[in-house]
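Novice: Below is the file final11.csv, with CSV, C-alpha atoms.
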chain,number,residue,atom,x,y,z
A,254,MET,CA,0.0,0.0,0.0
A,255,ALA,CA,1.6,3.2,-1.1
A,256,ARG,CA,-0.6,5.3,1.1
A,257,SER,CA,0.4,3.3,4.2
A,258,SER,CA,4.1,4.0,3.5
A,259,ILE,CA,3.5,7.7,3.5
A,260,LYS,CA,1.4,7.5,6.7
A,261,SER,CA,4.4,7.2,9.0
A,262,ALA,CA,8.0,6.0,9.3
A,263,PRO,CA,8.7,2.2,9.0
A,264,GLU,CA,10.2,2.4,12.5
A,265,ILE,CA,6.9,3.6,13.9
A,266,GLU,CA,4.9,1.1,11.8
A,267,ALA,CA,7.1,-1.8,13.0
A,268,LEU,CA,6.7,-0.7,16.6
A,269,ILE,CA,2.9,-0.4,16.4
A,270,SER,CA,2.5,-3.8,14.8
A,271,LEU,CA,4.6,-5.4,17.6
A,272,LEU,CA,2.8,-3.5,20.3
A,273,ALA,CA,-0.6,-4.6,18.9
A,274,LYS,CA,0.5,-8.2,19.6
A,275,VAL,CA,1.0,-7.5,23.3
A,276,PRO,CA,-2.0,-9.0,25.2
A,277,GLY,CA,-4.2,-6.2,26.4
A,278,LEU,CA,-3.4,-3.9,23.4
A,279,GLY,CA,-5.1,-3.9,20.1
A,280,PRO,CA,-4.4,-2.1,16.8
A,281,ARG,CA,-5.9,1.2,18.0
A,282,SER,CA,-4.4,1.2,21.5
A,283,ALA,CA,-1.1,0.2,20.0
A,284,ARG,CA,-1.1,3.5,18.0
A,285,ARG,CA,-1.9,5.5,21.1
A,286,ALA,CA,0.7,3.6,23.1
A,287,ALA,CA,3.4,4.2,20.4
A,288,LEU,CA,2.7,7.9,20.4
A,289,GLN,CA,2.9,8.2,24.2
A,290,LEU,CA,6.1,6.1,24.2
A,291,LEU,CA,7.7,8.4,21.6
A,292,LYS,CA,6.7,11.4,23.8
A,293,LYS,CA,8.4,9.8,26.8
A,294,LYS,CA,11.5,8.4,25.3
A,295,ASP,CA,13.8,8.8,28.3
A,296,ALA,CA,11.2,8.2,31.0
A,297,LEU,CA,9.5,5.2,29.6
A,298,MET,CA,10.5,4.0,26.1
A,299,LEU,CA,14.2,3.3,26.5
A,300,PRO,CA,13.8,1.9,30.0
A,301,LEU,CA,11.1,-0.4,28.7
A,302,ALA,CA,13.3,-1.6,25.8
A,303,ALA,CA,16.1,-2.3,28.3
A,304,ALA,CA,13.8,-4.1,30.8
A,305,LEU,CA,12.5,-6.3,27.9
A,306,SER,CA,16.0,-7.3,26.8
A,307,ASP,CA,17.1,-7.8,30.4
A,308,ALA,CA,14.2,-10.0,31.4
A,309,ALA,CA,14.4,-12.0,28.1
A,310,GLU,CA,18.0,-12.7,28.7
A,311,LYS,CA,18.0,-13.5,32.4
A,312,VAL,CA,14.5,-14.9,33.2
A,313,ARG,CA,14.2,-18.7,32.8
A,314,ALA,CA,11.8,-21.4,33.9
A,315,CYS,CA,13.0,-23.0,37.1
A,316,SER,CA,14.1,-26.6,36.3
A,317,ASN,CA,12.5,-27.8,39.5
A,318,CYS,CA,9.1,-26.2,39.8
A,319,GLY,CA,8.7,-24.3,36.4
A,320,MET,CA,8.4,-20.9,38.0
A,321,LEU,CA,10.0,-18.0,36.1
A,322,ASP,CA,13.0,-16.5,37.8
A,323,ALA,CA,16.5,-15.2,37.1
A,324,ALA,CA,17.9,-17.9,39.5
A,325,ASP,CA,17.6,-21.7,38.8
A,326,PRO,CA,16.4,-23.3,41.1
A,327,CYS,CA,14.2,-20.3,41.7
A,328,THR,CA,13.8,-18.2,44.9
A,329,LEU,CA,10.6,-20.0,45.9
A,330,CYS,CA,12.3,-23.4,45.6
A,331,THR,CA,15.4,-22.4,47.6
A,332,ILE,CA,14.1,-19.9,50.3
A,333,ALA,CA,14.5,-21.4,53.7
A,334,ASP,CA,11.3,-20.7,55.7
A,335,ARG,CA,8.9,-22.9,53.5
A,336,ASP,CA,7.4,-26.3,54.1
A,337,ASP,CA,9.1,-28.9,51.8
A,338,GLY,CA,6.3,-31.4,52.7
A,339,LEU,CA,3.6,-29.4,50.8
A,340,ILE,CA,3.5,-28.9,47.0
A,341,CYS,CA,0.9,-26.7,45.5
A,342,VAL,CA,0.2,-27.5,41.8
A,343,VAL,CA,-0.9,-24.6,39.6
A,344,ALA,CA,-1.4,-24.3,35.8
A,345,GLU,CA,0.5,-21.0,35.2
A,346,VAL,CA,3.1,-18.7,36.7
A,347,GLY,CA,0.4,-16.1,37.2
A,348,ASP,CA,-1.4,-18.5,39.6
A,349,VAL,CA,1.7,-18.6,41.8
A,350,TRP,CA,1.7,-14.7,41.9
A,351,ALA,CA,-2.0,-14.7,42.9
A,352,LEU,CA,-1.4,-17.2,45.7
A,353,GLU,CA,1.7,-15.3,46.9
A,354,ARG,CA,-0.3,-12.1,46.9
A,355,ALA,CA,-2.9,-13.8,49.1
A,356,GLY,CA,0.0,-15.0,51.3
A,357,ALA,CA,-2.0,-18.0,52.3
A,358,PHE,CA,0.4,-20.8,51.3
A,359,LYS,CA,3.9,-21.4,52.7
A,360,GLY,CA,4.9,-24.6,51.0
A,361,ARG,CA,6.5,-25.2,47.6
A,362,TYR,CA,4.9,-24.8,44.1
A,363,HIS,CA,4.8,-26.8,40.9
A,364,VAL,CA,3.8,-25.0,37.7
A,365,LEU,CA,2.4,-27.4,35.1
A,366,GLY,CA,2.5,-24.9,32.2
A,367,GLY,CA,-1.1,-25.4,31.3
A,368,VAL,CA,-3.9,-28.0,31.8
A,369,LEU,CA,-4.8,-31.2,29.9
A,370,SER,CA,-7.1,-30.4,27.0
A,371,ALA,CA,-8.5,-32.8,24.4
A,372,LEU,CA,-9.6,-29.9,22.3
A,373,ASP,CA,-6.2,-28.1,22.2
A,374,GLY,CA,-4.3,-31.4,22.1
A,375,VAL,CA,-2.5,-30.9,25.4
A,376,ARG,CA,-1.3,-34.3,26.7
A,377,PRO,CA,0.4,-35.1,30.0
A,378,GLU,CA,3.8,-35.2,28.3
A,379,ASP,CA,3.2,-31.6,27.2
A,380,LEU,CA,3.0,-30.5,30.8
A,381,ARG,CA,5.5,-30.8,33.6
A,382,VAL,CA,3.8,-33.9,35.0
A,383,ALA,CA,6.8,-36.2,35.0
A,384,LYS,CA,8.8,-33.7,37.1
A,385,LEU,CA,5.9,-33.4,39.6
A,386,VAL,CA,5.7,-37.2,40.0
A,387,GLU,CA,9.5,-37.3,40.5
A,388,ARG,CA,9.3,-34.5,43.1
A,389,ALA,CA,6.5,-36.3,44.9
A,390,SER,CA,8.3,-39.6,44.8
A,391,ALA,CA,11.6,-38.2,46.2
A,392,GLY,CA,10.3,-38.5,49.8
A,393,GLY,CA,9.5,-35.9,52.4
A,394,VAL,CA,6.3,-34.8,50.5
A,395,ARG,CA,3.2,-35.3,52.7
A,396,GLU,CA,0.6,-33.6,50.6
A,397,VAL,CA,0.0,-32.3,47.1
A,398,ILE,CA,-2.6,-29.5,46.8
A,399,LEU,CA,-4.2,-29.2,43.3
A,400,ALA,CA,-4.9,-25.5,42.7
A,401,LEU,CA,-6.3,-25.8,39.2
A,402,SER,CA,-9.3,-23.9,37.7
A,403,ALA,CA,-12.7,-25.4,38.2
A,404,THR,CA,-13.2,-25.8,34.5
A,405,VAL,CA,-13.7,-29.0,32.6
A,406,ASP,CA,-10.0,-29.1,31.6
A,407,GLY,CA,-8.9,-28.1,35.1
A,408,GLN,CA,-11.0,-30.9,36.7
A,409,THR,CA,-9.8,-33.4,34.1
A,410,THR,CA,-6.2,-32.5,35.0
A,411,SER,CA,-6.9,-32.7,38.7
A,412,HIS,CA,-8.4,-36.2,38.2
A,413,TYR,CA,-5.5,-37.4,36.2
A,414,LEU,CA,-2.9,-36.1,38.7
A,415,THR,CA,-4.8,-37.7,41.6
A,416,GLU,CA,-4.6,-41.0,39.8
A,417,ARG,CA,-0.9,-40.6,39.3
A,418,LEU,CA,0.0,-39.3,42.8
A,419,GLN,CA,-2.3,-41.4,45.2
A,420,PRO,CA,-0.5,-44.7,44.4
A,421,LEU,CA,2.7,-43.0,45.8
A,422,GLY,CA,1.0,-42.8,49.2
A,423,ILE,CA,0.7,-39.0,49.1
A,424,VAL,CA,-2.4,-37.1,50.3
A,425,VAL,CA,-3.9,-35.3,47.3
A,426,SER,CA,-6.3,-32.3,48.0
A,427,ARG,CA,-7.9,-29.6,46.0
A,428,LEU,CA,-9.1,-26.1,46.7
A,429,SER,CA,-12.6,-25.9,48.1
A,430,HIS,CA,-15.5,-24.7,46.0
A,431,GLY,CA,-17.9,-22.2,47.5
A,432,VAL,CA,-19.1,-18.6,47.7
A,433,PRO,CA,-16.4,-16.1,46.8
A,434,VAL,CA,-15.5,-13.9,49.7
A,435,GLY,CA,-17.5,-10.7,49.2
A,436,GLY,CA,-19.6,-12.4,46.5
A,437,GLU,CA,-23.4,-12.0,46.4
A,438,LEU,CA,-25.5,-15.1,46.5
A,439,ASP,CA,-28.0,-14.1,43.8
A,440,LEU,CA,-25.2,-13.5,41.3
A,441,LEU,CA,-23.7,-17.0,41.8
A,442,ASP,CA,-24.2,-19.8,39.3
A,443,ASP,CA,-26.1,-23.0,40.3
A,444,GLY,CA,-22.9,-25.2,40.3
A,445,THR,CA,-21.2,-23.0,42.9
A,446,LEU,CA,-24.3,-22.7,45.1
A,447,PHE,CA,-24.7,-26.5,45.0
A,448,ALA,CA,-21.0,-27.0,45.9
A,449,ALA,CA,-21.2,-24.4,48.7
A,450,LEU,CA,-24.2,-26.2,50.2
A,451,GLN,CA,-22.6,-29.6,49.9
A,452,SER,CA,-19.5,-28.6,51.7
A,453,ARG,CA,-21.2,-26.4,54.3
A,454,ARG,CA,-19.2,-25.9,57.6
A,455,PRO,CA,-20.5,-25.6,61.2
A,456,TYR,CA,-20.8,-21.9,62.2
B,110,MET,CA,8.2,-5.3,51.3
B,111,ALA,CA,9.9,-8.7,52.0
B,112,ARG,CA,7.0,-10.7,50.5
B,113,SER,CA,7.1,-8.7,47.3
B,114,SER,CA,10.8,-9.5,46.8
B,115,ILE,CA,10.1,-13.2,47.1
B,116,LYS,CA,7.1,-13.0,44.7
B,117,SER,CA,9.2,-12.8,41.5
B,118,ALA,CA,12.6,-11.9,40.1
B,119,PRO,CA,13.5,-8.1,40.1
B,120,GLU,CA,13.9,-8.3,36.3
B,121,ILE,CA,10.2,-9.4,36.0
B,122,GLU,CA,9.0,-6.8,38.6
B,123,ALA,CA,10.9,-4.0,36.7
B,124,LEU,CA,9.3,-5.1,33.4
B,125,ILE,CA,5.8,-5.2,34.9
B,126,SER,CA,6.1,-1.8,36.5
B,127,LEU,CA,7.2,-0.3,33.2
B,128,LEU,CA,4.6,-2.1,31.2
B,129,ALA,CA,1.9,-0.8,33.6
B,130,LYS,CA,2.8,2.7,32.5
B,131,VAL,CA,2.1,2.0,28.9
B,132,PRO,CA,-1.2,3.7,28.0
B,133,GLY,CA,-3.9,1.0,27.6
B,134,LEU,CA,-2.2,-1.4,30.1
B,135,GLY,CA,-2.9,-1.3,33.9
B,136,PRO,CA,-1.2,-3.2,36.8
B,137,ARG,CA,-3.2,-6.4,36.1
B,138,SER,CA,-2.9,-6.5,32.4
B,139,ALA,CA,0.9,-5.6,32.7
B,140,ARG,CA,1.4,-8.9,34.6
B,141,ARG,CA,-0.5,-10.8,32.0
B,142,ALA,CA,1.4,-9.1,29.2
B,143,ALA,CA,4.8,-9.8,30.9
B,144,LEU,CA,4.0,-13.5,31.2
B,145,GLN,CA,3.0,-13.7,27.6
B,146,LEU,CA,6.1,-11.8,26.5
B,147,LEU,CA,8.3,-14.2,28.5
B,148,LYS,CA,6.5,-17.1,26.8
B,149,LYS,CA,7.2,-15.6,23.3
B,150,LYS,CA,10.8,-14.4,23.8
B,151,ASP,CA,12.0,-14.8,20.2
B,152,ALA,CA,8.7,-14.1,18.5
B,153,LEU,CA,7.7,-11.0,20.3
B,154,MET,CA,9.7,-9.9,23.4
B,155,LEU,CA,13.1,-9.4,21.7
B,156,PRO,CA,11.7,-7.9,18.5
B,157,LEU,CA,9.7,-5.5,20.6
B,158,ALA,CA,12.7,-4.5,22.6
B,159,ALA,CA,14.6,-3.9,19.3
B,160,ALA,CA,11.7,-1.9,17.8
B,161,LEU,CA,11.5,0.3,20.9
B,162,SER,CA,15.2,1.1,20.8
B,163,ASP,CA,15.2,1.6,17.1
B,164,ALA,CA,12.2,4.0,17.0
B,165,ALA,CA,13.5,5.9,20.1
B,166,GLU,CA,16.8,6.4,18.4
B,167,LYS,CA,15.6,7.3,14.9
B,168,VAL,CA,12.2,8.9,15.1
B,169,ARG,CA,12.2,12.7,15.7
B,170,ALA,CA,9.7,15.5,15.4
B,171,CYS,CA,9.9,17.1,12.0
B,172,SER,CA,11.4,20.6,12.4
B,173,ASN,CA,8.9,22.0,9.9
B,174,CYS,CA,5.5,20.5,10.7
B,175,GLY,CA,6.1,18.6,14.0
B,176,MET,CA,5.1,15.2,12.6
B,177,LEU,CA,7.1,12.2,13.9
B,178,ASP,CA,9.3,10.6,11.3
B,179,ALA,CA,12.8,9.1,10.8
B,180,ALA,CA,13.5,11.8,8.2
B,181,ASP,CA,13.7,15.6,8.9
B,182,PRO,CA,11.9,17.3,7.2
B,183,CYS,CA,9.4,14.4,7.3
B,184,THR,CA,8.0,12.5,4.3
B,185,LEU,CA,4.7,14.4,4.4
B,186,CYS,CA,6.6,17.7,4.1
B,187,THR,CA,8.8,16.6,1.3
B,188,ILE,CA,6.6,14.2,-0.8
B,189,ALA,CA,5.9,15.8,-4.2
B,190,ASP,CA,2.2,15.3,-5.1
B,191,ARG,CA,0.8,17.5,-2.3
B,192,ASP,CA,-0.6,21.0,-2.4
B,193,ASP,CA,1.8,23.4,-0.7
B,194,GLY,CA,-0.9,26.1,-0.6
B,195,LEU,CA,-3.0,24.2,2.0
B,196,ILE,CA,-2.0,23.7,5.6
B,197,CYS,CA,-4.1,21.5,7.9
B,198,VAL,CA,-3.5,22.3,11.6
B,199,VAL,CA,-4.0,19.5,14.1
B,200,ALA,CA,-3.3,19.1,17.8
B,201,GLU,CA,-1.4,15.7,17.8
B,202,VAL,CA,0.4,13.3,15.5
B,203,GLY,CA,-2.4,10.8,15.9
B,204,ASP,CA,-4.7,13.3,14.2
B,205,VAL,CA,-2.5,13.3,11.1
B,206,TRP,CA,-2.7,9.5,11.0
B,207,ALA,CA,-6.5,9.7,11.3
B,208,LEU,CA,-6.7,12.2,8.4
B,209,GLU,CA,-4.3,10.1,6.3
B,210,ARG,CA,-6.3,7.0,6.9
B,211,ALA,CA,-9.4,8.9,5.7
B,212,GLY,CA,-7.4,10.0,2.7
B,213,ALA,CA,-9.4,13.1,2.3
B,214,PHE,CA,-6.6,15.7,2.5
B,215,LYS,CA,-3.8,16.2,0.1
B,216,GLY,CA,-2.1,19.4,1.4
B,217,ARG,CA,0.5,19.8,4.1
B,218,TYR,CA,0.1,19.4,7.9
B,219,HIS,CA,1.1,21.3,11.0
B,220,VAL,CA,1.1,19.5,14.3
B,221,LEU,CA,0.7,22.0,17.2
B,222,GLY,CA,1.6,19.5,19.9
B,223,GLY,CA,-1.6,20.1,21.9
B,224,VAL,CA,-4.2,22.8,22.4
B,225,LEU,CA,-4.2,26.0,24.5
B,226,SER,CA,-5.5,25.3,28.0
B,227,ALA,CA,-5.9,27.7,30.9
B,228,LEU,CA,-6.5,24.7,33.2
B,229,ASP,CA,-3.3,22.9,32.2
B,230,GLY,CA,-1.3,26.0,31.7
B,231,VAL,CA,-0.6,25.5,28.0
B,232,ARG,CA,0.2,28.9,26.4
B,233,PRO,CA,0.8,29.7,22.7
B,234,GLU,CA,4.6,29.5,23.3
B,235,ASP,CA,4.2,25.9,24.5
B,236,LEU,CA,2.8,25.0,21.2
B,237,ARG,CA,4.3,25.2,17.7
B,238,VAL,CA,2.4,28.4,16.9
B,239,ALA,CA,5.3,30.6,16.0
B,240,LYS,CA,6.4,28.0,13.3
B,241,LEU,CA,2.9,27.9,11.9
B,242,VAL,CA,2.8,31.7,11.6
B,243,GLU,CA,6.2,31.6,10.0
B,244,ARG,CA,5.1,28.9,7.5
B,245,ALA,CA,1.9,30.8,6.7
B,246,SER,CA,3.8,34.1,6.2
B,247,ALA,CA,6.5,32.6,3.9
B,248,GLY,CA,4.1,33.0,0.9
B,249,GLY,CA,2.4,30.4,-1.3
B,250,VAL,CA,-0.1,29.4,1.4
B,251,ARG,CA,-3.7,30.2,0.4
B,252,GLU,CA,-5.6,28.5,3.2
B,253,VAL,CA,-5.1,27.2,6.7
B,254,ILE,CA,-7.6,24.5,7.8
B,255,LEU,CA,-8.0,24.2,11.6
B,256,ALA,CA,-8.8,20.6,12.3
B,257,LEU,CA,-8.9,20.9,16.1
B,258,SER,CA,-11.3,19.1,18.5
B,259,ALA,CA,-14.7,20.7,19.1
B,260,THR,CA,-13.9,21.1,22.8
B,261,VAL,CA,-13.6,24.3,24.7
B,262,ASP,CA,-9.8,24.2,24.6
B,263,GLY,CA,-9.9,23.2,20.9
B,264,GLN,CA,-12.3,26.1,20.0
B,265,THR,CA,-10.2,28.6,22.1
B,266,THR,CA,-7.1,27.5,20.1
B,267,SER,CA,-8.9,27.8,16.8
B,268,HIS,CA,-10.1,31.3,17.7
B,269,TYR,CA,-6.6,32.3,18.8
B,270,LEU,CA,-5.0,31.0,15.6
B,271,THR,CA,-7.6,32.7,13.4
B,272,GLU,CA,-6.7,36.0,15.0
B,273,ARG,CA,-3.0,35.4,14.3
B,274,LEU,CA,-3.5,34.2,10.8
B,275,GLN,CA,-6.2,36.3,9.2
B,276,PRO,CA,-4.1,39.6,9.4
B,277,LEU,CA,-1.6,37.8,7.0
B,278,GLY,CA,-4.4,37.7,4.4
B,279,ILE,CA,-4.8,33.9,4.6
B,280,VAL,CA,-8.2,32.2,4.4
B,281,VAL,CA,-8.7,30.4,7.7
B,282,SER,CA,-11.3,27.6,7.8
B,283,ARG,CA,-12.4,24.9,10.2
B,284,LEU,CA,-13.9,21.4,9.9
B,285,SER,CA,-17.7,21.4,9.7
B,286,HIS,CA,-19.8,20.3,12.6
B,287,GLY,CA,-22.7,17.9,12.0
B,288,VAL,CA,-24.1,14.4,12.2
B,289,PRO,CA,-21.3,11.8,12.1
B,290,VAL,CA,-21.6,9.5,9.1
B,291,GLY,CA,-23.4,6.4,10.3
B,292,GLY,CA,-24.5,8.2,13.4
B,293,GLU,CA,-28.0,8.0,14.8
B,294,LEU,CA,-29.9,11.2,15.4
B,295,ASP,CA,-31.4,10.2,18.7
B,296,LEU,CA,-28.0,9.5,20.2
B,297,LEU,CA,-26.6,12.9,19.3
B,298,ASP,CA,-26.1,15.7,21.8
B,299,ASP,CA,-28.1,19.0,21.4
B,300,GLY,CA,-25.0,21.0,20.4
B,301,THR,CA,-24.3,18.8,17.4
B,302,LEU,CA,-27.9,18.7,16.3
B,303,PHE,CA,-28.1,22.5,16.6
B,304,ALA,CA,-24.9,22.9,14.5
B,305,ALA,CA,-26.1,20.3,11.9
B,306,LEU,CA,-29.4,22.2,11.5
B,307,GLN,CA,-27.6,25.6,11.3
B,308,SER,CA,-25.2,24.5,8.6
B,309,ARG,CA,-27.8,22.4,6.6
B,310,ARG,CA,-27.1,21.8,2.9
B,311,PRO,CA,-29.4,21.6,-0.1
B,312,TYR,CA,-30.2,18.0,-1.0
Show how you would write the structure in this file as structure tokens.

Specialist:
Amino acid sequence: MARSSIKSAPEIEALISLLAKVPGLGPRSARRAALQLLKKKDALMLPLAAALSDAAEKVRACSNCGMLDAADPCTLCTIADRDDGLICVVAEVGDVWALERAGAFKGRYHVLGGVLSALDGVRPEDLRVAKLVERASAGGVREVILALSATVDGQTTSHYLTERLQPLGIVVSRLSHGVPVGGELDLLDDGTLFAALQSRRPY
Amino acid sequence: MARSSIKSAPEIEALISLLAKVPGLGPRSARRAALQLLKKKDALMLPLAAALSDAAEKVRACSNCGMLDAADPCTLCTIADRDDGLICVVAEVGDVWALERAGAFKGRYHVLGGVLSALDGVRPEDLRVAKLVERASAGGVREVILALSATVDGQTTSHYLTERLQPLGIVVSRLSHGVPVGGELDLLDDGTLFAALQSRRPY
């Protein structure tokens, strides 16, 4: 397109087309972002370029738990004041961040890298399942907590992992279902209400 | 915060906090974006870092019209098949992109870099007004089209520029107000309807 080449410099067009691929930005917001970045070269644009290169170079998946970190094994695997007898299994790195923000878990993590999915063709060997079984078999692990989404694929994965881990003599648990804290009853779906009633606790 | 330092590597935290400053991304979407970038290092993360550095280094504001380009004077100022007698004045670089996408204007542009604003303390000397008067005075310019927003600040700026340019014997015009193409009447504000009625055209 001849008109497109007049529109702006190739350097800007290249930047916009890459920004548009960043999750959360689309073609329109990528244009706005590119303009703002060009306005804030020293305050934002160059530091962002450096941070991207730096993180791309240094951050790797931990060979033990799959967490992203500059150190391998990662900080969460090596830090002293955590319970080695507890492993919390999550699908993605972002789930570890969410649990750490909540500050409710003080054991170790295992990041699967996804969940089993017949539709997307994700098989056990595509996830970090073998490493989880290896860690659980190594001794000293009392309990594995499956903190996977309550979706069909998440449940399938939980079921599969339970079948792999229980023969090792390890307690396998999952997060409870129920009313979200701060959630209103009349906005909840039937499945959650049913689960919350089933697993009711004495007051 | 000790917990925050455990949460993830400083390289990731630095990347997230910079991504969160990109317009269109917030703290939550910056986390998601950082994870996706780390998953697509070669396909997206490193090319984006390179594109940011490259554009930051090469792209400058055109000394004539204020447009962003790798060349100075910019492509739009130097390209041959455009009418030198017409200057379209816009507030921001994004406005030039919008007009170029529409393909409706074949003259030259002048990017003010904002609009006058008593509230934000933007005065004529903060904008590229002097250069506009210089370009308009240089001869050969028949008409200046003010394509500024129909906001109070935009209108104030249009009024100010008209007072500066008309004494030079130049025709000063502005974009018409009216019903947006594809817009529904009952969703329009009173001011637009009033303007559309006032400047009605024979069918």

Novice: Please measure the separation of atom CA of B:Pro276 and atom CA of B:Ala245, giving the value in Å to one decimal.

Specialist: 11.0 Å

Novice: Could the residues of chain B within 8 Å of chain A, counting only C-alpha atoms, be given as number ranges by chain, please?

Specialist: B: 112, 115-118, 120-121, 123-124, 127-128, 130-134, 138, 140-142, 144-147, 150, 153-165, 167-168, 177-179, 184-185, 202-203, 206, 209-210

Novice: Write out as a PyMOL selection string each polymer residue whose atoms come within 12 Å of stretch 368-377 of chain A, counting only C-alpha atoms; drop sequence neighbours fewer than 6 positions from it.

Specialist: chain A and resi 342-345+383-386+399-414+417

Novice: Restricting the output to C-alpha atoms, write the selected residues as a PDB file, in the coordinates of the input.

Specialist:
ATOM      1  CA  VAL A 342       0.200 -27.500  41.800  1.00  0.00           C
ATOM      2  CA  VAL A 343      -0.900 -24.600  39.600  1.00  0.00           C
ATOM      3  CA  ALA A 344      -1.400 -24.300  35.800  1.00  0.00           C
ATOM      4  CA  GLU A 345       0.500 -21.000  35.200  1.00  0.00           C
ATOM      5  CA  ALA A 383       6.800 -36.200  35.000  1.00  0.00           C
ATOM      6  CA  LYS A 384       8.800 -33.700  37.100  1.00  0.00           C
ATOM      7  CA  LEU A 385       5.900 -33.400  39.600  1.00  0.00           C
ATOM      8  CA  VAL A 386       5.700 -37.200  40.000  1.00  0.00           C
ATOM      9  CA  LEU A 399      -4.200 -29.200  43.300  1.00  0.00           C
ATOM     10  CA  ALA A 400      -4.900 -25.500  42.700  1.00  0.00           C
ATOM     11  CA  LEU A 401      -6.300 -25.800  39.200  1.00  0.00           C
ATOM     12  CA  SER A 402      -9.300 -23.900  37.700  1.00  0.00           C
ATOM     13  CA  ALA A 403     -12.700 -25.400  38.200  1.00  0.00           C
ATOM     14  CA  THR A 404     -13.200 -25.800  34.500  1.00  0.00           C
ATOM     15  CA  VAL A 405     -13.700 -29.000  32.600  1.00  0.00           C
ATOM     16  CA  ASP A 406     -10.000 -29.100  31.600  1.00  0.00           C
ATOM     17  CA  GLY A 407      -8.900 -28.100  35.100  1.00  0.00           C
ATOM     18  CA  GLN A 408     -11.000 -30.900  36.700  1.00  0.00           C
ATOM     19  CA  THR A 409      -9.800 -33.400  34.100  1.00  0.00           C
ATOM     20  CA  THR A 410      -6.200 -32.500  35.000  1.00  0.00           C
ATOM     21  CA  SER A 411      -6.900 -32.700  38.700  1.00  0.00           C
ATOM     22  CA  HIS A 412      -8.400 -36.200  38.200  1.00  0.00           C
ATOM     23  CA  TYR A 413      -5.500 -37.400  36.200  1.00  0.00           C
ATOM     24  CA  LEU A 414      -2.900 -36.100  38.700  1.00  0.00           C
ATOM     25  CA  ARG A 417      -0.900 -40.600  39.300  1.00  0.00           C
TER      26      ARG A 417
END

Novice: Between atom CA of B:Leu284 and atom CA of B:Glu243, what is the spacing in Å?

Specialist: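 Going from atom CA of B:Glu243 over to atom CA of B:Leu284 covers 22.5 Å.
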
Novice: Ranking A:Gly444, A:Val382, A:Ser429, A:Ser452 by minimum distance to A:Thr415 and counting all atoms listed in the file, which one comes first?

Specialist: A:Val382

Novice: Rank nothing, just name the residue among B:Glu252, B:Glu272, B:Glu293, B:Asp192 nearest to B:Phe214, using all atoms listed in the file.

Specialist: B:Asp192

Novice: In Å to one decimal, how far is atom CA of B:Val280 from atom CA of B:Leu306?

Specialist: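 Going from atom CA of B:Leu306 over to atom CA of B:Val280 covers 24.5 Å.
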
Novice: Of the candidates B:Gly278, B:Pro182, B:Gly175, B:Gly216, which shows the shortest atom-to-atom distance to B:Arg237, using all atoms listed in the file?

Specialist: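 Closest candidate: B:Gly175.
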
Novice: Might you pull out every residue within 8 Å of A:Ala449, with only C-alpha atoms counted and same-chain residues fewer than 4 positions away left off, and present them as a list in words?

Specialist: His430, Gly431, Val432, Thr445 and Arg453 of chain A

Novice: Mind working out the centre and edge lengths of an axis-aligned box for stretch 291-309 of chain A, all listed atoms inside, 4 Å added to each side, rounded to one decimal in Å and written as JSON?

Specialist:
{"center_x": 11.9, "center_y": -0.3, "center_z": 26.5, "size_x": 18.4, "size_y": 31.4, "size_z": 17.8}

Novice: So which residues fall inside 6 Å of (15.3, -26.9, 39.3) if we count all atoms listed in the file? Mind giving them as number ranges by chain?

Specialist: A: 315-317, 325-326
